[in-house]
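Shown next, in structure tokens, is the structure this report addresses.
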Amino acid sequence: MKTTLTTCPWCGTGCNFYLFTDERGQLSGVEPAAGHPVSRGQLCLKGWNAHAFVAHPERLTVPLYRRQGELVPCDWNSALDLLHERLSAIAERHGPDSLMFLASAKASNEENFLLMKLARAGFGTNNIDHCARLCHSSTVFGLAETLGSGAMTNSLDCFEQTDLVLVIGSNTTEQHPLIGSRILQAKQRGADLIVIDSRTIRLARHADLHLRPRNGTDVALLCGIMRQILADGLEDRDFIAARCENFAAFETSLRDCTPERVAAITGEPEEQLVAAARRFARAEKAMIVFAMGITQHSHGVDNVRALSNLALLTGNLGRPGTGINPLRGQNNVQGACDMGALPDVYSGYQKVSDPAVRKKFAAAWGVDLPEQPGLMATHAMEAAAEGRIRGMLIMGENPLLSEANQGLIRQALQKLEFLAVIDIFPTETAQLADLVLPAACYAERDGSYTSTERRVQRGRKAIEPPGEARADWQILRALLGRCGLQADDTGPEQTMMEISTLTPSYAGISYPRLEGAGLQWPCPEAEHPGTPILHVENCSRGKARFSPVTYRPSAEVPDTDYPFLLNTGRTGVHWHTGSMTRRSHLLDREEREPYVEIHPQDAARHQLKERQPLQISSRRGSIEALARITDRVPAGQLFIPFHFVEGAANALTNNALDPESGIPEFKVCAVRLQPC
Amino acid sequence: MLKQLAEKDLLRLLERIATRRRLLTPQRQSDGSRLLLPWPGGLPELVGTPLQRKPTEIFFPQLELLMELDNSGDVRLPVPADKPVALLGLDHFDLAAIAFLDRFFLSRPTDDAYLRRRHDALLVGLSGLAGPQGATLPPAETCDLELILVPDKLLARPHAKLGEELLAGFTAADPTALRAIDRSPAERPATLLAAARLLQEDQVPEAFWEEIAARCIACGGCNFACPTCNCFGVQDRTFGNRTERSRLWDSCQLDAFMREAGGHNPLGTETLRTRRRVYHKLVADPLRWGELGCVACGRCDRACPTGIGMLALCEDLVRR
């Protein structure tokens with residue numbers, strides 16, 4: 001029996017727990033770390049069950065390649081040779097930019113760095129991206145423009161110091177439960193809570209104000225709130241004068257956002273808007289918390305800009321208990337971005353287009369590096385469907401269920417000349433692959449992960465991987481070697497040294513320093529204590545920038561043919577495409593079937609009963625799901641979680657993309673329903 | 001007879017225990033948690049915060065193989081460990097919880113999986129000045145032998161024959177040494193008893209449960225951390241020709257805990273589930289066992305992210 005302290009593999013909160021290993025060398029349980037500053041002896045249901053999927057019989061244990069239509073076992077050397085040869089051949093024939101690499105927010109910092117290096121230095125393309133494209137690419141783009149850094153500005157401890165929390169587009173108690181609990185605790189001790197969400201999420205039941213704008217109208221609502229703040233003279237003039245630029249243009253841009261007009265667009269009564277504006281602006285310290293409800297729109301970047309404007313207008317930046325706080329969804333989605341698993345930046349958001357940066361990385365790696373930024377994951381899928389991307393390596397992602405418009409994604413993946421997938425389970429995407437490599441899961445490998453509050457922490461190996469499965473970093477090192485790059489079998493600790501050498505915000509980070517509670521970046525020097533709060537004296541870009549925005553409707557709104565608005569997301573018990581949670585007994589038992597939330601009025605109008613099978617159709621596809629009649633959703637809206645392959649919400653969703661961030665519009669499309 | 005153990009005596013005692021048993025002792029981890037782990041030699045971390053992981057986990061693990069079946073119909077039970085276990089450093093609460101689970105699992109029909117781990121296990125209690133920051137722990141007597149920390153001394157007292165045998169040969173202690181510390185027996189907190197009474201008299205309005213339940217985020221932590229919770233689920237996993245049947249900790253705070261196949265759920269709202277958690281411990285258990293199902297160890301309060309663990313909830317209830 002032994003215990004291993006490690007970082008939770010689920011959301012981006014960054015909890016730590018002990019994994020218990022039994023006498024058979026298998027995981028037997030989880031215990032929260034009492035002294036860790038984030039978990040503090042507590043976990044959510046998924047955390048308490050994080051051991052449960054690891055020994056599932058469907059774990060991939062040997063490399064598989066496709067022969068005469070079937071996936072059959074092969075040895076590692078042949079598999080790695082095949083992968084290298086096929087990708088190289090495609091690159092030679094059609095150019096390196098005919099390849100696409102998808103990194104993983106479930107892999108470690110080191111593994112994302114190595115895949116980024118493999119794509120750029122090994123195969124000569126910047127075509128690398130990962131699922132941040134689907135979740136917070138709007139944040140990274142929007143906040144980089146207004147503040148100079150796309151990360152959560154403050155720390156989780158700030159919930160203990162704030163006077164008001166504004167939660168918009170985040171079902172925090174289900175998706176970041178330990179952060180949601182801090183918001184509930186803040187409310188208990190007397191802080192104000194404003195929730196803006198079309199659904200009556202748990203936090204809404206505790207809120208002083210709950211605003212329920214129509215999905216896709218956040219820009220109008222936020223501009224209305226900001227106009228009201230200015231009309232009441234509640235803006236922070238000193239902060240604006242000292243710390244911000246472009247205020248005049250911003251102020252002008254709000255002129256038309258009158259309460260009447262905003263109420264008409266959002267469906268939210270004028271009094272609510274005015275009350276929210278006054279309550280928010282009067283708080284001495286207010287935190288803005290947001291997630292997918294803001295980012296996953298064809299105007300996701302504008303939503304983020306509007307939130308940034310709101311924080312600047314009221315001076316809620318750079319102090320404890322304030323800030324613009326995007327909650328990152330995966331345990332290492334922050335890290336995968338930090339490591340440059342993005343098409344336009346190297347690690348630490350150093351731009352590919354900057355010759356000095358390219359020169360630095362080229363010198364370190366001993367190769368010439370491509371100059372053109374690469375393709376975003378969503379654009380790469382379109383390119384694959386059109387035959388412009390021909391080879392793809394996917395590490396630990398399942399785009400067939402997670403990306404919008406499944407029909408297009410299936411077409412794209414099937415059209416590829418060569419698809420290789422590294423994963424722990426035979427996911428729906430892996431089943432389309434020409435080569436499948438079995439990976440170690442989080443409990444079977446060392447590495448580091450960066451949480452939503454920029455806290456870099458250790459993950460530690462507790463047990464051996466099953467069969468011949470290998471850690472992603474071992475697989476990637478072997479591939480780097482085949483590309484003629486340094487490929488010694490050194491582990492993640494050495495990779496972190498390479499990362500810190502090349503990445504200013506991680507320069508002071510090393511494994512010995514990560515013992516304990518980790519370090520929050522920026523951590524520019526070996527003695528630097530880390531940075532709990534960003535933009536304290538100045539913003540990363542110098543002055544904070546007001547960025548005027550104008551409301552644009554969603555790409556596809558309900559009409560007579562498709563009269564319902566479809567909203568998609570997750571439940572509290574399942575993780576994304578369900579590959580792990582649907583193989584965890586308690587979590588699977590809790591939600592076993594695809595369902596659709598429908599308002600009682602709509603159910604009555606269509607004469608529907610609870611659990612009745614329904615067919616839901618959009619212009620892109622059709623699925624079946626069981627009716628769940630609830631006033632959590634407003635009338636006219638349906639909500640479907642995207643975990644279930646047998647009722648895949650993303651067969652319906654619209655791949656209308658934000659023009660700047662490339663994020664799909666997961667939160668709004670038009671559907672109709674009929675009983676099965 | 002009360003004994004006195006110098007450091008070298010304690011080490012000798014541990015060695016003596018470890019010759020016949022797999023000795024688990026409290027060990028401090030890097031985050032400050034104390035966990036029961038295989039004795040690595042040397043002196044154990046007796047003093048400090050309560051054991052983070054409930055020690056009943058040793059006899060009733062979170063995930064436990066019950067049997068293996070193969071396609072030919074053969075059934076294999078897990079082989080018991082070659083040595084019985086010894087748990088050292090159990091405070092009064094831990095021992096009360098083990099006694100509670102013993103009664104539940106070892107009442108007929110006996111639970112053989114529990115018995116396999118529990119059989120012949122040695123329990124070493126801990127009391128005296130071993131609490132956090134030297135706070136006094138109440139007597140811990142439902143064990144084989146008890147270690148008692150008094151100022152400048154470690155005492156040991158046997159409570160069973162096995163304990164006597166293990167302490168044979170060590171120096172006798174002056175019984176008055178015990179007078180240096182408070183030896184009042186542990187009592188359950190008054191608020192817990194008062195809350196139990198209100199519940200038993202059915203004086204708690206529905207609105208109270210609704211309000212508490214609204215704060216529950218259904219993490220299950222109260223159940224997973226509770227040393228007397230004993231609900232489990234069963235899973236079968238097939239690996240080729242072989243099927244493993246295991247059991248795992250369940251939680252009555254989950255919607256599917258009582259949900260029937262057709263969708264009907266006798267505990268279908270979070271309000272009902274929250275009430276059940278507390279009723280079970282404070283009303284149903286006393287009816288069945290003559291004793292509250294809560295030993296007041298505080299683990300659920302520490303594990304609850306929203307402050308509605310048993311003791312916090314009872315305080316709230318009584319105050320109103």
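Each chain of the structure tokens is named A, B, ... in the order shown, its residues numbered from 1; ligands are numbered from 1 in display order.
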Show me, as a PyMOL selection string, the residues of chain B whose atoms get within 6 Å of chain A, using only C-alpha atoms for the distance check. chain B and resi 31-33+62-63+219-220+239+256+303+305-306
Same residues, all heavy atoms, saved as an mmCIF file, in the first residue's frame:
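Output (result.cif):
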data_model
loop_
_atom_site.group_PDB
_atom_site.id
_atom_site.type_symbol
_atom_site.label_atom_id
_atom_site.label_comp_id
_atom_site.auth_asym_id
_atom_site.auth_seq_id
_atom_site.Cartn_x
_atom_site.Cartn_y
_atom_site.Cartn_z
ATOM 1 N N ASP B 31 2.156 17.850 2.399
ATOM 2 C CA ASP B 31 1.180 18.934 2.560
ATOM 3 C C ASP B 31 0.742 19.087 4.009
ATOM 4 O O ASP B 31 -0.141 19.894 4.305
ATOM 5 C CB ASP B 31 -0.057 18.696 1.674
ATOM 6 C CG ASP B 31 -0.951 17.608 2.232
ATOM 7 O OD1 ASP B 31 -0.407 16.593 2.706
ATOM 8 O OD2 ASP B 31 -2.177 17.765 2.224
ATOM 9 N N GLY B 32 1.338 18.281 4.909
ATOM 10 C CA GLY B 32 0.994 18.380 6.330
ATOM 11 C C GLY B 32 -0.012 17.338 6.775
ATOM 12 O O GLY B 32 -0.192 17.119 7.974
ATOM 13 N N SER B 33 -0.705 16.676 5.821
ATOM 14 C CA SER B 33 -1.669 15.631 6.192
ATOM 15 C C SER B 33 -0.938 14.489 6.908
ATOM 16 O O SER B 33 0.190 14.163 6.565
ATOM 17 C CB SER B 33 -2.318 15.012 4.948
ATOM 18 O OG SER B 33 -2.935 15.962 4.169
ATOM 19 N N GLN B 62 -12.005 1.962 -0.486
ATOM 20 C CA GLN B 62 -12.859 2.681 -1.440
ATOM 21 C C GLN B 62 -13.199 1.810 -2.645
ATOM 22 O O GLN B 62 -14.308 1.878 -3.164
ATOM 23 C CB GLN B 62 -12.135 3.966 -1.891
ATOM 24 C CG GLN B 62 -13.019 4.903 -2.688
ATOM 25 C CD GLN B 62 -12.363 6.252 -2.921
ATOM 26 O OE1 GLN B 62 -11.240 6.507 -2.490
ATOM 27 N NE2 GLN B 62 -13.062 7.150 -3.612
ATOM 28 N N LEU B 63 -12.223 0.993 -3.073
ATOM 29 C CA LEU B 63 -12.456 0.057 -4.182
ATOM 30 C C LEU B 63 -11.811 -1.265 -3.781
ATOM 31 O O LEU B 63 -10.627 -1.290 -3.436
ATOM 32 C CB LEU B 63 -11.817 0.585 -5.471
ATOM 33 C CG LEU B 63 -11.870 -0.321 -6.696
ATOM 34 C CD1 LEU B 63 -13.298 -0.529 -7.174
ATOM 35 C CD2 LEU B 63 -11.038 0.271 -7.830
ATOM 36 N N CYS B 219 -20.870 16.545 -3.989
ATOM 37 C CA CYS B 219 -19.525 15.996 -4.179
ATOM 38 C C CYS B 219 -19.408 14.613 -3.567
ATOM 39 O O CYS B 219 -18.486 13.862 -3.881
ATOM 40 C CB CYS B 219 -18.469 16.923 -3.575
ATOM 41 S SG CYS B 219 -18.513 17.028 -1.773
ATOM 42 N N GLY B 220 -20.319 14.295 -2.651
ATOM 43 C CA GLY B 220 -20.241 12.999 -1.966
ATOM 44 C C GLY B 220 -19.197 12.956 -0.866
ATOM 45 O O GLY B 220 -19.034 11.935 -0.195
ATOM 46 N N PHE B 239 -12.305 -8.710 -18.348
ATOM 47 C CA PHE B 239 -11.028 -8.642 -19.065
ATOM 48 C C PHE B 239 -10.888 -9.958 -19.832
ATOM 49 O O PHE B 239 -10.451 -10.960 -19.254
ATOM 50 C CB PHE B 239 -9.862 -8.507 -18.085
ATOM 51 C CG PHE B 239 -9.924 -7.282 -17.204
ATOM 52 C CD1 PHE B 239 -10.740 -7.251 -16.074
ATOM 53 C CD2 PHE B 239 -9.158 -6.163 -17.495
ATOM 54 C CE1 PHE B 239 -10.788 -6.127 -15.258
ATOM 55 C CE2 PHE B 239 -9.204 -5.042 -16.683
ATOM 56 C CZ PHE B 239 -10.016 -5.021 -15.573
ATOM 57 N N ALA B 256 -28.583 8.940 -8.362
ATOM 58 C CA ALA B 256 -28.815 7.563 -8.803
ATOM 59 C C ALA B 256 -28.707 6.547 -7.665
ATOM 60 O O ALA B 256 -28.906 5.359 -7.882
ATOM 61 C CB ALA B 256 -27.827 7.196 -9.905
ATOM 62 N N ALA B 303 -14.434 17.921 4.978
ATOM 63 C CA ALA B 303 -14.478 17.550 3.556
ATOM 64 C C ALA B 303 -15.525 18.332 2.780
ATOM 65 O O ALA B 303 -15.500 18.355 1.554
ATOM 66 C CB ALA B 303 -14.753 16.056 3.413
ATOM 67 N N PRO B 305 -17.180 21.168 0.923
ATOM 68 C CA PRO B 305 -16.729 22.451 0.357
ATOM 69 C C PRO B 305 -17.668 23.617 0.662
ATOM 70 O O PRO B 305 -17.290 24.768 0.462
ATOM 71 C CB PRO B 305 -16.704 22.178 -1.155
ATOM 72 C CG PRO B 305 -16.756 20.695 -1.315
ATOM 73 C CD PRO B 305 -17.518 20.195 -0.129
ATOM 74 N N THR B 306 -18.891 23.332 1.112
ATOM 75 C CA THR B 306 -19.821 24.448 1.311
ATOM 76 C C THR B 306 -20.301 24.586 2.749
ATOM 77 O O THR B 306 -21.274 25.294 3.013
ATOM 78 C CB THR B 306 -21.037 24.335 0.364
ATOM 79 O OG1 THR B 306 -21.751 23.139 0.681
ATOM 80 C CG2 THR B 306 -20.605 24.279 -1.083
#
Contacts of segment 128-137 of chain A at 7 Å or less, counting only C-alpha atoms, minus same-chain residues fewer than 6 places along, as a short mmCIF file (atom, residue, chain, number, x, y, z; two decimals) with all heavy atoms, in the first residue's frame?
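Below you can see result20.cif, which holds the result:
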data_model
loop_
_atom_site.label_atom_id
_atom_site.label_comp_id
_atom_site.auth_asym_id
_atom_site.auth_seq_id
_atom_site.Cartn_x
_atom_site.Cartn_y
_atom_site.Cartn_z
N MET A 100 -1.42 18.43 -39.65
CA MET A 100 -2.00 19.13 -38.49
C MET A 100 -1.70 18.31 -37.24
O MET A 100 -1.80 17.08 -37.26
CB MET A 100 -3.52 19.27 -38.66
CG MET A 100 -4.20 20.02 -37.53
SD MET A 100 -3.78 21.79 -37.55
CE MET A 100 -4.08 22.25 -35.83
N PHE A 101 -1.37 19.00 -36.18
CA PHE A 101 -1.08 18.36 -34.89
C PHE A 101 -2.05 18.90 -33.84
O PHE A 101 -2.18 20.12 -33.69
CB PHE A 101 0.36 18.65 -34.46
CG PHE A 101 1.38 18.03 -35.37
CD1 PHE A 101 1.73 18.65 -36.57
CD2 PHE A 101 1.99 16.83 -35.04
CE1 PHE A 101 2.66 18.07 -37.43
CE2 PHE A 101 2.92 16.24 -35.89
CZ PHE A 101 3.26 16.86 -37.08
N LEU A 102 -2.72 18.01 -33.15
CA LEU A 102 -3.59 18.43 -32.06
C LEU A 102 -2.99 17.98 -30.73
O LEU A 102 -2.83 16.78 -30.48
CB LEU A 102 -5.00 17.84 -32.21
CG LEU A 102 -5.88 18.44 -33.32
CD1 LEU A 102 -7.27 17.82 -33.26
CD2 LEU A 102 -5.99 19.96 -33.19
N ALA A 103 -2.64 18.94 -29.91
CA ALA A 103 -2.09 18.66 -28.58
C ALA A 103 -3.25 18.45 -27.61
O ALA A 103 -4.41 18.39 -28.02
CB ALA A 103 -1.21 19.81 -28.14
N SER A 104 -2.94 18.33 -26.32
CA SER A 104 -3.99 17.95 -25.38
C SER A 104 -3.92 18.72 -24.08
O SER A 104 -2.86 18.81 -23.45
CB SER A 104 -3.87 16.46 -25.07
OG SER A 104 -4.81 16.11 -24.08
N ALA A 105 -5.08 19.20 -23.66
CA ALA A 105 -5.18 19.88 -22.38
C ALA A 105 -5.20 18.88 -21.23
O ALA A 105 -5.29 19.26 -20.06
CB ALA A 105 -6.44 20.74 -22.34
N MET A 116 4.61 20.49 -29.52
CA MET A 116 4.80 21.78 -30.20
C MET A 116 6.16 21.78 -30.93
O MET A 116 6.26 22.18 -32.10
CB MET A 116 4.73 22.88 -29.14
CG MET A 116 4.89 24.28 -29.59
SD MET A 116 6.58 24.87 -29.73
CE MET A 116 7.00 25.27 -28.05
N ALA A 119 5.98 19.42 -34.04
CA ALA A 119 5.30 20.01 -35.19
C ALA A 119 6.20 21.04 -35.87
O ALA A 119 6.38 21.01 -37.09
CB ALA A 119 3.99 20.66 -34.74
N MET A 292 -17.54 29.22 -20.52
CA MET A 292 -17.97 28.95 -21.90
C MET A 292 -19.19 29.74 -22.35
O MET A 292 -19.38 29.95 -23.55
CB MET A 292 -18.28 27.47 -22.08
CG MET A 292 -17.21 26.49 -21.65
SD MET A 292 -15.69 26.58 -22.57
CE MET A 292 -14.79 27.81 -21.66
N THR A 295 -17.49 32.61 -23.98
CA THR A 295 -16.50 32.43 -25.06
C THR A 295 -17.03 31.71 -26.28
O THR A 295 -16.58 31.99 -27.39
CB THR A 295 -15.29 31.64 -24.52
OG1 THR A 295 -15.76 30.36 -24.04
CG2 THR A 295 -14.60 32.37 -23.40
N GLN A 296 -17.98 30.78 -26.10
CA GLN A 296 -18.37 29.90 -27.21
C GLN A 296 -19.47 30.52 -28.07
O GLN A 296 -20.58 30.02 -28.16
CB GLN A 296 -18.81 28.54 -26.67
CG GLN A 296 -17.63 27.74 -26.12
CD GLN A 296 -18.02 26.41 -25.54
OE1 GLN A 296 -19.13 26.24 -25.06
NE2 GLN A 296 -17.10 25.44 -25.58
N VAL A 333 -5.35 23.02 -19.58
CA VAL A 333 -5.61 23.81 -20.78
C VAL A 333 -4.83 25.12 -20.71
O VAL A 333 -4.35 25.64 -21.71
CB VAL A 333 -7.12 24.03 -21.00
CG1 VAL A 333 -7.72 24.95 -19.99
CG2 VAL A 333 -7.39 24.53 -22.41
N ALA A 341 1.13 25.27 -27.65
CA ALA A 341 0.38 24.34 -28.49
C ALA A 341 -0.73 25.12 -29.19
O ALA A 341 -1.91 24.79 -29.11
CB ALA A 341 -0.18 23.20 -27.64
N LEU A 342 -0.34 26.19 -29.83
CA LEU A 342 -1.23 27.13 -30.53
C LEU A 342 -0.54 27.49 -31.85
O LEU A 342 0.69 27.47 -31.92
CB LEU A 342 -1.44 28.40 -29.68
CG LEU A 342 -2.18 28.22 -28.35
CD1 LEU A 342 -2.09 29.50 -27.50
CD2 LEU A 342 -3.64 27.86 -28.58
N PRO A 343 -1.31 27.83 -32.86
CA PRO A 343 -0.69 27.99 -34.18
C PRO A 343 0.14 29.26 -34.36
O PRO A 343 0.92 29.34 -35.30
CB PRO A 343 -1.90 28.00 -35.13
CG PRO A 343 -3.08 28.35 -34.28
CD PRO A 343 -2.78 27.87 -32.91
N GLY A 374 0.22 29.00 -38.08
CA GLY A 374 -0.46 27.82 -38.61
C GLY A 374 -1.97 27.94 -38.56
O GLY A 374 -2.53 29.02 -38.33
N MET A 376 -5.74 27.16 -37.09
CA MET A 376 -6.48 26.84 -35.87
C MET A 376 -7.14 25.46 -36.06
O MET A 376 -7.44 25.06 -37.19
CB MET A 376 -7.57 27.87 -35.63
CG MET A 376 -7.03 29.28 -35.42
SD MET A 376 -8.42 30.45 -35.33
CE MET A 376 -7.55 32.01 -35.16
N ALA A 377 -7.40 24.79 -34.93
CA ALA A 377 -7.97 23.44 -35.01
C ALA A 377 -9.26 23.42 -35.82
O ALA A 377 -9.49 22.53 -36.64
CB ALA A 377 -8.22 22.90 -33.61
N SER A 661 -11.07 34.43 -33.02
CA SER A 661 -10.56 33.32 -32.20
C SER A 661 -10.80 31.96 -32.84
O SER A 661 -10.22 30.97 -32.42
CB SER A 661 -11.22 33.35 -30.82
OG SER A 661 -12.59 33.00 -30.92
N GLY A 662 -11.68 31.89 -33.83
CA GLY A 662 -11.95 30.61 -34.48
C GLY A 662 -12.77 29.66 -33.62
O GLY A 662 -12.83 28.46 -33.90
N ILE A 663 -13.41 30.16 -32.58
CA ILE A 663 -14.19 29.29 -31.70
C ILE A 663 -15.58 29.07 -32.33
O ILE A 663 -16.14 29.99 -32.93
CB ILE A 663 -14.31 29.93 -30.29
CG1 ILE A 663 -14.61 28.86 -29.23
CG2 ILE A 663 -15.42 30.98 -30.25
CD1 ILE A 663 -14.41 29.36 -27.81
N PRO A 664 -16.13 27.86 -32.21
CA PRO A 664 -17.47 27.63 -32.76
C PRO A 664 -18.56 28.13 -31.81
O PRO A 664 -18.34 28.31 -30.62
CB PRO A 664 -17.55 26.09 -32.87
CG PRO A 664 -16.18 25.58 -32.60
CD PRO A 664 -15.50 26.61 -31.76
#
At a cut-off of 7 Å, using only C-alpha atoms, what residues contact Ala86 of chain B? Leave out same-chain residues fewer than 3 positions from it and give the result as a list in words.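 The neighbour list is Arg21, Arg22, Leu23, Leu24, Ala121, Leu122 and Leu123 of chain B.
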Generate the output file for the selected residues, N, CA and C atoms, as a PDB file, in the first residue's frame.
ATOM      1  N   ARG B  21       2.827  -8.691  12.184  1.00  0.00           N
ATOM      2  CA  ARG B  21       1.752  -7.926  11.543  1.00  0.00           C
ATOM      3  C   ARG B  21       2.296  -6.891  10.557  1.00  0.00           C
ATOM      4  N   ARG B  22       1.426  -6.502   9.630  1.00  0.00           N
ATOM      5  CA  ARG B  22       1.747  -5.366   8.756  1.00  0.00           C
ATOM      6  C   ARG B  22       1.375  -4.108   9.528  1.00  0.00           C
ATOM      7  N   LEU B  23       2.376  -3.465  10.031  1.00  0.00           N
ATOM      8  CA  LEU B  23       2.135  -2.327  10.924  1.00  0.00           C
ATOM      9  C   LEU B  23       1.954  -1.035  10.112  1.00  0.00           C
ATOM     10  N   LEU B  24       0.846  -0.353  10.349  1.00  0.00           N
ATOM     11  CA  LEU B  24       0.615   0.957   9.736  1.00  0.00           C
ATOM     12  C   LEU B  24       0.688   2.025  10.815  1.00  0.00           C
ATOM     13  N   ALA B 121      -6.824  -8.284  13.406  1.00  0.00           N
ATOM     14  CA  ALA B 121      -6.122  -6.993  13.316  1.00  0.00           C
ATOM     15  C   ALA B 121      -5.863  -6.442  14.718  1.00  0.00           C
ATOM     16  N   LEU B 122      -4.755  -5.795  14.871  1.00  0.00           N
ATOM     17  CA  LEU B 122      -4.393  -5.180  16.158  1.00  0.00           C
ATOM     18  C   LEU B 122      -4.688  -3.679  16.076  1.00  0.00           C
ATOM     19  N   LEU B 123      -5.387  -3.186  17.093  1.00  0.00           N
ATOM     20  CA  LEU B 123      -5.696  -1.759  17.138  1.00  0.00           C
ATOM     21  C   LEU B 123      -4.934  -1.107  18.288  1.00  0.00           C
TER      22      LEU B 123
END
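Proximity ranking of A:Asp97, A:Glu597, A:Asp157, A:Asp559 relative to Ala670 of chain A places A:Asp559 first, based on only C-alpha atoms.
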For segment 39-54 of chain B, please output as an MDAnalysis selection string all residues within 7 Å (counting only C-alpha atoms; exclusion window: fewer than 2 positions along the same chain). (chainID A and resid 31) or (chainID B and resid 11 23:28 33:35 37 56:57 89 130:133 225 227)
Write out as an NGL selection string each polymer residue whose atoms come within 10 Å of Gly169 of chain B, counting only C-alpha atoms; drop sequence neighbours fewer than 3 positions from it. :B and (3 or 9 or 164-166 or 172)
Using Å and a single decimal, report how far atom CA of Ile217 of chain B sits from atom CA of Ala311 of chain A.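 One can read the atom CA of Ala311 of chain A to atom CA of Ile217 of chain B distance as 28.7 Å.
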Within 10 Å of segment 199-207 of chain B, counting only C-alpha atoms, which residues qualify if same-chain residues fewer than 6 places away don't, as a list in words?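 What passes the distance filter is Leu193, Ala213, Thr271, Leu272, Arg275, Val278, Tyr279, Leu282, Val283, Ala284, Pro286, Leu287, Leu317, Val318 and Arg320 of chain B.
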Long-range neighbours of Leu66 of chain B as a ChimeraX atom specification, 8 Å cut-off, only C-alpha atoms, 5 positions minimum in chain: /B:77-78,113,244-247
Using all heavy atoms, can you write the selected residues to a file as a short mmCIF file (atom, residue, chain, number, x, y, z; two decimals), in the first residue's frame?
data_model
loop_
_atom_site.label_atom_id
_atom_site.label_comp_id
_atom_site.auth_asym_id
_atom_site.auth_seq_id
_atom_site.Cartn_x
_atom_site.Cartn_y
_atom_site.Cartn_z
N LEU B 77 -11.58 -16.24 -4.81
CA LEU B 77 -11.67 -15.16 -3.83
C LEU B 77 -10.29 -14.56 -3.64
O LEU B 77 -9.29 -15.26 -3.83
CB LEU B 77 -12.20 -15.70 -2.51
CG LEU B 77 -13.62 -16.25 -2.54
CD1 LEU B 77 -14.00 -16.81 -1.18
CD2 LEU B 77 -14.61 -15.17 -2.96
N PRO B 78 -10.21 -13.31 -3.26
CA PRO B 78 -8.89 -12.72 -3.02
C PRO B 78 -8.17 -13.47 -1.91
O PRO B 78 -8.80 -13.93 -0.95
CB PRO B 78 -9.21 -11.29 -2.58
CG PRO B 78 -10.61 -11.04 -2.96
CD PRO B 78 -11.30 -12.36 -3.01
N ALA B 113 -15.73 -10.15 3.08
CA ALA B 113 -14.66 -9.28 2.58
C ALA B 113 -14.12 -8.39 3.72
O ALA B 113 -12.91 -8.21 3.87
CB ALA B 113 -15.18 -8.41 1.44
N GLU B 244 -13.87 -9.40 -13.06
CA GLU B 244 -13.60 -8.98 -11.68
C GLU B 244 -14.87 -8.35 -11.11
O GLU B 244 -15.44 -7.44 -11.72
CB GLU B 244 -12.49 -7.92 -11.64
CG GLU B 244 -11.12 -8.46 -11.94
CD GLU B 244 -10.04 -7.39 -11.77
OE1 GLU B 244 -10.38 -6.23 -11.39
OE2 GLU B 244 -8.89 -7.70 -12.02
N ARG B 245 -15.28 -8.83 -9.97
CA ARG B 245 -16.38 -8.17 -9.25
C ARG B 245 -15.78 -7.40 -8.08
O ARG B 245 -15.08 -7.97 -7.24
CB ARG B 245 -17.40 -9.19 -8.76
CG ARG B 245 -18.44 -8.58 -7.84
CD ARG B 245 -19.66 -9.44 -7.70
NE ARG B 245 -20.38 -9.49 -8.99
CZ ARG B 245 -21.50 -10.19 -9.17
NH1 ARG B 245 -22.03 -10.89 -8.18
NH2 ARG B 245 -22.10 -10.19 -10.35
N SER B 246 -16.06 -6.13 -8.04
CA SER B 246 -15.52 -5.27 -6.98
C SER B 246 -16.65 -4.53 -6.31
O SER B 246 -17.74 -4.39 -6.87
CB SER B 246 -14.56 -4.23 -7.55
OG SER B 246 -13.63 -4.81 -8.41
N ARG B 247 -16.37 -4.03 -5.13
CA ARG B 247 -17.31 -3.09 -4.54
C ARG B 247 -16.62 -1.76 -4.31
O ARG B 247 -15.40 -1.69 -4.20
CB ARG B 247 -17.91 -3.64 -3.24
CG ARG B 247 -16.96 -3.70 -2.06
CD ARG B 247 -17.77 -4.12 -0.84
NE ARG B 247 -16.94 -4.47 0.30
CZ ARG B 247 -17.41 -5.10 1.36
NH1 ARG B 247 -18.69 -5.46 1.41
NH2 ARG B 247 -16.63 -5.38 2.37
#
Across A:His606, A:His574, A:Arg552, A:Arg261, the smallest distance to Gln175 of chain A, with only C-alpha atoms counted, is shown by A:His574
Please, what distance in Å, to one decimal, runs between atom CA of Phe280 of chain A and atom CA of Val165 of chain A?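 Calculated distance between atom CA of Phe280 of chain A and atom CA of Val165 of chain A is 8.6 Å.
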Residue nearest Arg227 of chain A among A:Ala507, A:Ala469, A:Ala277, A:Ala241 (counting only C-alpha atoms):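 Between A:Ala507, A:Ala469, A:Ala277, A:Ala241, the residue approaching Arg227 of chain A most closely is A:Ala277.
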